[in-house]
Amino acid sequence: MNSSNPLYDDITYLKGVGPKRALKLKEYGINSVHDILYHFPRKYLDRRNIKTINQAKIGEQTVIIGKVVSKNIKIIKKRRLFQVTISDDTGELQCVWFNALSWITDKFNINNQVAVFGKIEFFNGFKITHPEFDILDEEENNFNTGQIIAMYASSANLKSKGLDSRGFRKLIKNITTNEKYIIEDFLPKKIIKEENLCSLKEALNSIHFPEDNDAITKSMYRLKFNEHFFIQLLMALKKKNNKKNAGTAYPKRGEYLKTIYKNLNFELTAAQIRVLKEIRNDLKTTQPMNRLIQGDVGSGKTIVAILSASIIIGQEYQVALMAPTEILAEQHFISIKKYCDEANITCAVLTSNKSQKEKNIILNQLKSGEIDLIVGTHSLIQNKVTFNNLGLIIIDEQHRFGVEHRKLLIDKALNPEILAMTATPIPRTLSITLHGDMDISIIDELPKNRLPINTKIVTPKMLPSIYKKIEKELKKGGQCFIVYPLIEESEKLDLEASKSGYEKMKAIFNQFNVDYINGKMKKEEIDHKMRLMEKGKINCLITTTVIEVGINIPNATFMLIENAERFGITQLHQLRGRIGRGEKQSYCVLVQHKKTPNANKRLSILAQTQDGFIISDEDLKMRGPGDFFGTKQHGFVKSKVVDFSADGPIIRRARQQAFDLIDKDSLLNKETNKKINEIFKYNYKHMLEFVKIG
């Protein structure tokens with residue numbers, strides 16, 4: 001980065017900061033002048049619609065400017081509140097904060113001019129509870145009245161050092177009005193013109209000091225574009241890097257594929273056939289495949305993977321399938337083995353529960369090439385695992401493996417084909433961000449023999465009748481899961497609730513085999529009980545979310561989820577996917593103990609649809625990308641401005657420009673792209689795990 005630009009100076013040296021404030025800012029993650037410029041407002045206070053106190057209307061969001069005439073702390077019914085009375089020429093307004101912290105009580109002095117913003121209430125006069133507020137000096141009052149004012153997120157520590165919204169505005173003003181701080185535009189003029197973007201300098205000035213709402217919209221678009229552009233640049237670099245490698249072409253389907261396909265006792269869906277064609281087209285070229293199959297629970301991703309593997313094995317290369325859990329690895333092995341046996345393909349499973357003697361045999365056979373297809377967990381990435389000729393790597397639920405884990409397996413082969421699978425449908429906008437370096441195939445159709453799962457929301461009062469339905473289902477030979485939440489914040493209470501639930505269910509279903517698992521138990525114990533469930537020796541399993549992914553019990557026809565309102569919608573959808581995997585009608589009952597608008601919405605979406613893509617879109621809208629599956633693992637979505645549920649058009653434009661740029665200048669060496677290269681290395685180091693620039 002251009003170290004001579006004072007914009008990258010330590011924050012201590014910005015006018016108005018100094019050592020003490022700098023220390024607090026650094027604790028908050030603001031280390032340089034640049035960082036504070038990119039500390040964007042969390043909201044705006046529109047002072048263009050200022051009202052006098054006598055014009056205020058109950059229930060309306062209003063800005064009032066007045067003078068502090070009194071302040072005091074009161075204790076009402078053991079609750080501590082801080083009250084400030086402000087007055088203008090037309091009346092008085094009470095401002096109230098409950099359980100007030102000292103930083104608020106110390107903020108106000110008698111005769112201060114203040115601007116307050118909030119919802120007007122009426123109780124012995126006009127009142128605002130927990131208003132946004134700004135203390136004005138005369139100069140700022142005259143300067144800012146009638147303008148839109150930025151409000152910033154801050155900590156109590158910062159506020160105690162005078163860095164509330166007003167403090168931040170003053171510091172940022174010191175940057176934007178001082179010509180020594182050079183805000184360079186890094187995007188080429190061609191992109192700025194084609195995308196109709198405002199300059200970076202204008203965007204940063206307007207985001208902090210907007211003239212009107214249009215200025216906010218325009219600057220926000222530019223800042224969002226920047227973020228998405230760099231994320232997509234990473235994807236373009238990864239994709240280009242992958243395509244530079246020369247792999248092996250697999251032009252023929254081969255006898256193994258024909259044998260397995262001929263012996264299928266079901267018809268492939270149109271979606272499965274479409275995805276197979278996409279994979280075959282990849283395999284025909286020497287460019288290594290890097291494809292992700294997205295398919296809802298039960299959509300038949302595994303058979304597509306087996307058919308793809310048979311093409312590779314037909315050309316005398318090996319295939320490795322890595323799954324996140326031993327149960328899932330063993331289930332894959334069981335379902336794959338019957339197809340492999342028909343075609344005389346040698347397959348094995350490698351997990352940590354094998355004896356050392358068994359492991360040694362498998363390791364020797366892998367090295368010699370006797371094993372064509374190996375299924376395993378993290379065991380496959382160990383140093384002692386070597387392959388004779390590894391051609392294809394299949395990674396199931398790939399978001400459960402870190403980038404480093406995936407790389408360790410890929411490094412065991414020379415430019416292998418990569419096929420990843422996920423049963424968690426991801427909205428397209430998030431998908432091209434998290435997996436933008438991969439080609440994406442979607443299996444959006446369930447097998448014809450699958451009946452939709454009957455999903456119902458009930459209250460605890462209805463449980464006795466639900467238990468009768470479960471009993472009826474168990475008598476018919478079905479199996480049942482009863483799921484309790486296990487949330488970190490209340491883990492101890494949740495475990496107690498699930499254990500007492502188990503005791504209760506044992507008493508209710510005393511003529512059946514009822515058992516219990518939770519994620520805190522030893523892995524061997526969980527696996528043992530899951531195998532008993534698979535064999536039909538457990539009729540009803542009480543469990544926490546440990547069964548969320550990769551449990552395949554075709555005979556399980558009933559699921560009861562307790563405190564369903566405490567689960568995320570995607571998690572509920574994954575849990576529901578553990579039933580309805582056979583040909584019998586299945587039932588999912590969501591027990592809602594607490595009603596909130598958000599919970600009602602989540603559960604009703606789940607009851608109305610089984611389309612994972614609709615569910616994931618809704619989840620993204622409701623929760624945002626921060627919590628959505630995958631972003632924590634990937635760790636690069638650190639922006640405060642991007643919103644994947646709303647940014648679809650911006651993402652697509654940014655992606656197009658980023659991919660075009662890398663296509664023409666993959667090393668970012670051209671003069672017009674050097675600033676992009678610098679910014680990329682300075683701001684996005686954390687994204688460059690396996691991509692080298694220049």
# chains A, B, ... in the order shown; residues from 1 in each chain; ligands from 1
$ select_by_dssp --residues "range 543-613 of chain A" --states "alpha helix (DSSP H)" --output "list in words"
Ile569, Thr570, Gln571, Leu572, His573, Gln574, Leu575, Arg576, Pro597, Asn598, Ala599, Asn600, Lys601, Arg602, Leu603, Ser604, Ile605, Leu606, Ala607, Gln608, Gly612 and Phe613 of chain A
$ write_last_selection --atoms "N, CA and C atoms" --output "PDB file, in the first residue's frame"
ATOM      1  N   ILE A 569     -34.528 -21.482  10.680  1.00  0.00           N
ATOM      2  CA  ILE A 569     -35.378 -22.126   9.676  1.00  0.00           C
ATOM      3  C   ILE A 569     -34.605 -23.160   8.848  1.00  0.00           C
ATOM      4  N   THR A 570     -33.341 -22.861   8.515  1.00  0.00           N
ATOM      5  CA  THR A 570     -32.536 -23.806   7.728  1.00  0.00           C
ATOM      6  C   THR A 570     -32.247 -25.055   8.552  1.00  0.00           C
ATOM      7  N   GLN A 571     -31.995 -24.859   9.841  1.00  0.00           N
ATOM      8  CA  GLN A 571     -31.731 -25.992  10.736  1.00  0.00           C
ATOM      9  C   GLN A 571     -32.972 -26.875  10.849  1.00  0.00           C
ATOM     10  N   LEU A 572     -34.144 -26.255  10.974  1.00  0.00           N
ATOM     11  CA  LEU A 572     -35.394 -27.032  11.042  1.00  0.00           C
ATOM     12  C   LEU A 572     -35.596 -27.839   9.760  1.00  0.00           C
ATOM     13  N   HIS A 573     -35.283 -27.215   8.633  1.00  0.00           N
ATOM     14  CA  HIS A 573     -35.433 -27.901   7.343  1.00  0.00           C
ATOM     15  C   HIS A 573     -34.484 -29.096   7.258  1.00  0.00           C
ATOM     16  N   GLN A 574     -33.249 -28.917   7.746  1.00  0.00           N
ATOM     17  CA  GLN A 574     -32.289 -30.024   7.759  1.00  0.00           C
ATOM     18  C   GLN A 574     -32.773 -31.155   8.667  1.00  0.00           C
ATOM     19  N   LEU A 575     -33.286 -30.783   9.834  1.00  0.00           N
ATOM     20  CA  LEU A 575     -33.795 -31.796  10.767  1.00  0.00           C
ATOM     21  C   LEU A 575     -34.949 -32.571  10.135  1.00  0.00           C
ATOM     22  N   ARG A 576     -35.869 -31.831   9.533  1.00  0.00           N
ATOM     23  CA  ARG A 576     -37.038 -32.480   8.896  1.00  0.00           C
ATOM     24  C   ARG A 576     -36.584 -33.459   7.808  1.00  0.00           C
ATOM     25  N   PRO A 597     -43.420 -12.537  16.412  1.00  0.00           N
ATOM     26  CA  PRO A 597     -43.673 -12.384  14.975  1.00  0.00           C
ATOM     27  C   PRO A 597     -42.633 -13.110  14.127  1.00  0.00           C
ATOM     28  N   ASN A 598     -41.356 -13.028  14.560  1.00  0.00           N
ATOM     29  CA  ASN A 598     -40.275 -13.666  13.796  1.00  0.00           C
ATOM     30  C   ASN A 598     -40.421 -15.186  13.795  1.00  0.00           C
ATOM     31  N   ALA A 599     -40.700 -15.751  14.986  1.00  0.00           N
ATOM     32  CA  ALA A 599     -40.857 -17.209  15.092  1.00  0.00           C
ATOM     33  C   ALA A 599     -42.074 -17.676  14.302  1.00  0.00           C
ATOM     34  N   ASN A 600     -43.177 -16.927  14.409  1.00  0.00           N
ATOM     35  CA  ASN A 600     -44.391 -17.295  13.662  1.00  0.00           C
ATOM     36  C   ASN A 600     -44.097 -17.362  12.167  1.00  0.00           C
ATOM     37  N   LYS A 601     -43.352 -16.362  11.689  1.00  0.00           N
ATOM     38  CA  LYS A 601     -43.035 -16.297  10.252  1.00  0.00           C
ATOM     39  C   LYS A 601     -42.167 -17.491   9.846  1.00  0.00           C
ATOM     40  N   ARG A 602     -41.113 -17.751  10.646  1.00  0.00           N
ATOM     41  CA  ARG A 602     -40.187 -18.865  10.335  1.00  0.00           C
ATOM     42  C   ARG A 602     -40.931 -20.186  10.233  1.00  0.00           C
ATOM     43  N   LEU A 603     -41.741 -20.459  11.261  1.00  0.00           N
ATOM     44  CA  LEU A 603     -42.408 -21.762  11.318  1.00  0.00           C
ATOM     45  C   LEU A 603     -43.473 -21.894  10.232  1.00  0.00           C
ATOM     46  N   SER A 604     -44.179 -20.792   9.939  1.00  0.00           N
ATOM     47  CA  SER A 604     -45.227 -20.897   8.911  1.00  0.00           C
ATOM     48  C   SER A 604     -44.606 -21.108   7.524  1.00  0.00           C
ATOM     49  N   ILE A 605     -43.423 -20.514   7.263  1.00  0.00           N
ATOM     50  CA  ILE A 605     -42.733 -20.759   5.980  1.00  0.00           C
ATOM     51  C   ILE A 605     -42.411 -22.249   5.872  1.00  0.00           C
ATOM     52  N   LEU A 606     -41.912 -22.812   6.970  1.00  0.00           N
ATOM     53  CA  LEU A 606     -41.532 -24.225   6.980  1.00  0.00           C
ATOM     54  C   LEU A 606     -42.741 -25.135   6.760  1.00  0.00           C
ATOM     55  N   ALA A 607     -43.873 -24.748   7.360  1.00  0.00           N
ATOM     56  CA  ALA A 607     -45.091 -25.569   7.217  1.00  0.00           C
ATOM     57  C   ALA A 607     -45.642 -25.494   5.795  1.00  0.00           C
ATOM     58  N   GLN A 608     -45.367 -24.373   5.109  1.00  0.00           N
ATOM     59  CA  GLN A 608     -45.959 -24.173   3.778  1.00  0.00           C
ATOM     60  C   GLN A 608     -45.137 -24.763   2.642  1.00  0.00           C
ATOM     61  N   GLY A 612     -36.099 -26.258  -0.300  1.00  0.00           N
ATOM     62  CA  GLY A 612     -34.980 -25.715   0.465  1.00  0.00           C
ATOM     63  C   GLY A 612     -34.479 -24.384  -0.050  1.00  0.00           C
ATOM     64  N   PHE A 613     -34.657 -24.139  -1.365  1.00  0.00           N
ATOM     65  CA  PHE A 613     -34.160 -22.877  -1.924  1.00  0.00           C
ATOM     66  C   PHE A 613     -35.048 -21.707  -1.500  1.00  0.00           C
TER      67      PHE A 613
END
$ select_by_dssp --residues "range 503-601 of chain A" --states "strand (DSSP E or B)" --output "PyMOL selection string"
chain A and resi 514-517+540-543+556-561+587-591
$ write_last_selection --atoms "N, CA and C atoms" --output "JSON list (two decimals), in the first residue's frame"
[["chain", "number", "residue", "atom", "x", "y", "z"],
["A", 514, "VAL", "N", -37.17, -47.00, 23.58],
["A", 514, "VAL", "CA", -36.91, -45.56, 23.51],
["A", 514, "VAL", "C", -35.47, -45.34, 23.97],
["A", 515, "ASP", "N", -34.70, -44.55, 23.22],
["A", 515, "ASP", "CA", -33.32, -44.28, 23.63],
["A", 515, "ASP", "C", -33.00, -42.80, 23.47],
["A", 516, "TYR", "N", -31.76, -42.44, 23.83],
["A", 516, "TYR", "CA", -31.42, -41.01, 23.95],
["A", 516, "TYR", "C", -29.97, -40.76, 23.52],
["A", 517, "ILE", "N", -29.77, -39.67, 22.73],
["A", 517, "ILE", "CA", -28.40, -39.23, 22.43],
["A", 517, "ILE", "C", -28.33, -37.70, 22.50],
["A", 540, "CYS", "N", -37.95, -45.20, 19.05],
["A", 540, "CYS", "CA", -38.10, -43.76, 19.23],
["A", 540, "CYS", "C", -36.81, -43.21, 19.83],
["A", 541, "LEU", "N", -36.18, -42.28, 19.11],
["A", 541, "LEU", "CA", -34.91, -41.74, 19.58],
["A", 541, "LEU", "C", -35.09, -40.29, 20.02],
["A", 542, "ILE", "N", -34.79, -40.02, 21.30],
["A", 542, "ILE", "CA", -34.82, -38.65, 21.83],
["A", 542, "ILE", "C", -33.42, -38.07, 21.60],
["A", 543, "THR", "N", -33.36, -36.89, 21.02],
["A", 543, "THR", "CA", -32.05, -36.40, 20.59],
["A", 543, "THR", "C", -32.00, -34.88, 20.58],
["A", 556, "ALA", "N", -37.84, -44.06, 9.24],
["A", 556, "ALA", "CA", -38.26, -43.01, 10.19],
["A", 556, "ALA", "C", -39.36, -42.17, 9.54],
["A", 557, "THR", "N", -40.54, -42.16, 10.18],
["A", 557, "THR", "CA", -41.71, -41.52, 9.57],
["A", 557, "THR", "C", -42.29, -40.38, 10.41],
["A", 558, "PHE", "N", -41.74, -40.17, 11.60],
["A", 558, "PHE", "CA", -42.33, -39.14, 12.47],
["A", 558, "PHE", "C", -41.21, -38.35, 13.15],
["A", 559, "MET", "N", -41.35, -37.03, 13.16],
["A", 559, "MET", "CA", -40.41, -36.19, 13.91],
["A", 559, "MET", "C", -41.20, -35.15, 14.70],
["A", 560, "LEU", "N", -40.88, -35.07, 15.98],
["A", 560, "LEU", "CA", -41.48, -34.04, 16.85],
["A", 560, "LEU", "C", -40.34, -33.13, 17.28],
["A", 561, "ILE", "N", -40.46, -31.82, 17.03],
["A", 561, "ILE", "CA", -39.40, -30.88, 17.41],
["A", 561, "ILE", "C", -39.91, -29.96, 18.51],
["A", 587, "TYR", "N", -44.45, -37.46, 8.91],
["A", 587, "TYR", "CA", -45.06, -36.32, 9.61],
["A", 587, "TYR", "C", -44.01, -35.59, 10.44],
["A", 588, "CYS", "N", -44.03, -34.26, 10.36],
["A", 588, "CYS", "CA", -43.14, -33.43, 11.19],
["A", 588, "CYS", "C", -44.01, -32.47, 11.99],
["A", 589, "VAL", "N", -43.86, -32.52, 13.32],
["A", 589, "VAL", "CA", -44.67, -31.66, 14.19],
["A", 589, "VAL", "C", -43.74, -30.68, 14.91],
["A", 590, "LEU", "N", -44.03, -29.38, 14.74],
["A", 590, "LEU", "CA", -43.23, -28.32, 15.35],
["A", 590, "LEU", "C", -43.97, -27.79, 16.57],
["A", 591, "VAL", "N", -43.41, -28.00, 17.75],
["A", 591, "VAL", "CA", -44.07, -27.55, 18.98],
["A", 591, "VAL", "C", -43.57, -26.14, 19.31]]
$ residues_around --residues "Asn673 in chain A" --least-positions-apart "2" --cutoff "12 Å" --atoms "only C-alpha atoms" --output "VMD selection string"
chain A and resid 185 to 191 233 658 661 to 662 664 to 671 675 to 680 693 to 694
$ write_last_selection --atoms "C-alpha atoms" --output "CSV table (one decimal), in the first residue's frame"
chain,number,residue,atom,x,y,z
A,185,ASP,CA,-10.0,5.9,-6.8
A,186,PHE,CA,-8.6,2.4,-7.5
A,187,LEU,CA,-11.2,1.3,-10.0
A,188,PRO,CA,-10.3,2.0,-13.7
A,189,LYS,CA,-12.3,4.8,-15.3
A,190,LYS,CA,-13.8,2.3,-17.7
A,191,ILE,CA,-15.5,0.4,-14.9
A,233,LEU,CA,-12.1,-10.8,-7.8
A,658,ALA,CA,-14.1,-8.8,-11.8
A,661,LEU,CA,-10.6,-7.9,-15.5
A,662,ILE,CA,-8.9,-11.2,-14.4
A,664,LYS,CA,-7.5,-9.8,-19.4
A,665,ASP,CA,-5.0,-9.3,-16.5
A,666,SER,CA,-4.7,-12.3,-14.2
A,667,LEU,CA,-1.7,-10.9,-12.3
A,668,LEU,CA,-3.2,-7.4,-12.0
A,669,ASN,CA,0.0,-6.0,-13.4
A,670,LYS,CA,-1.4,-3.5,-15.9
A,671,GLU,CA,-0.9,0.1,-14.9
A,675,LYS,CA,-4.2,0.3,-7.4
A,676,ILE,CA,-6.6,-2.6,-7.3
A,677,ASN,CA,-3.7,-5.0,-6.6
A,678,GLU,CA,-2.5,-2.7,-3.8
A,679,ILE,CA,-5.9,-2.4,-2.1
A,680,PHE,CA,-6.5,-6.1,-2.5
A,693,ILE,CA,-1.1,-12.2,-7.1
A,694,GLY,CA,1.9,-11.0,-9.0
$ residues_around --residues "Thr346 in chain A" --least-positions-apart "4" --cutoff "8 Å" --atoms "only C-alpha atoms" --output "JSON, numbers by chain"
{"A": [340, 341, 370, 371, 372, 373]}
$ closest_residue --among "A:Gly295, A:Gly118, A:Gly125, A:Pro288" --to "Thr85 in chain A" --atoms "only C-alpha atoms"
A:Gly125
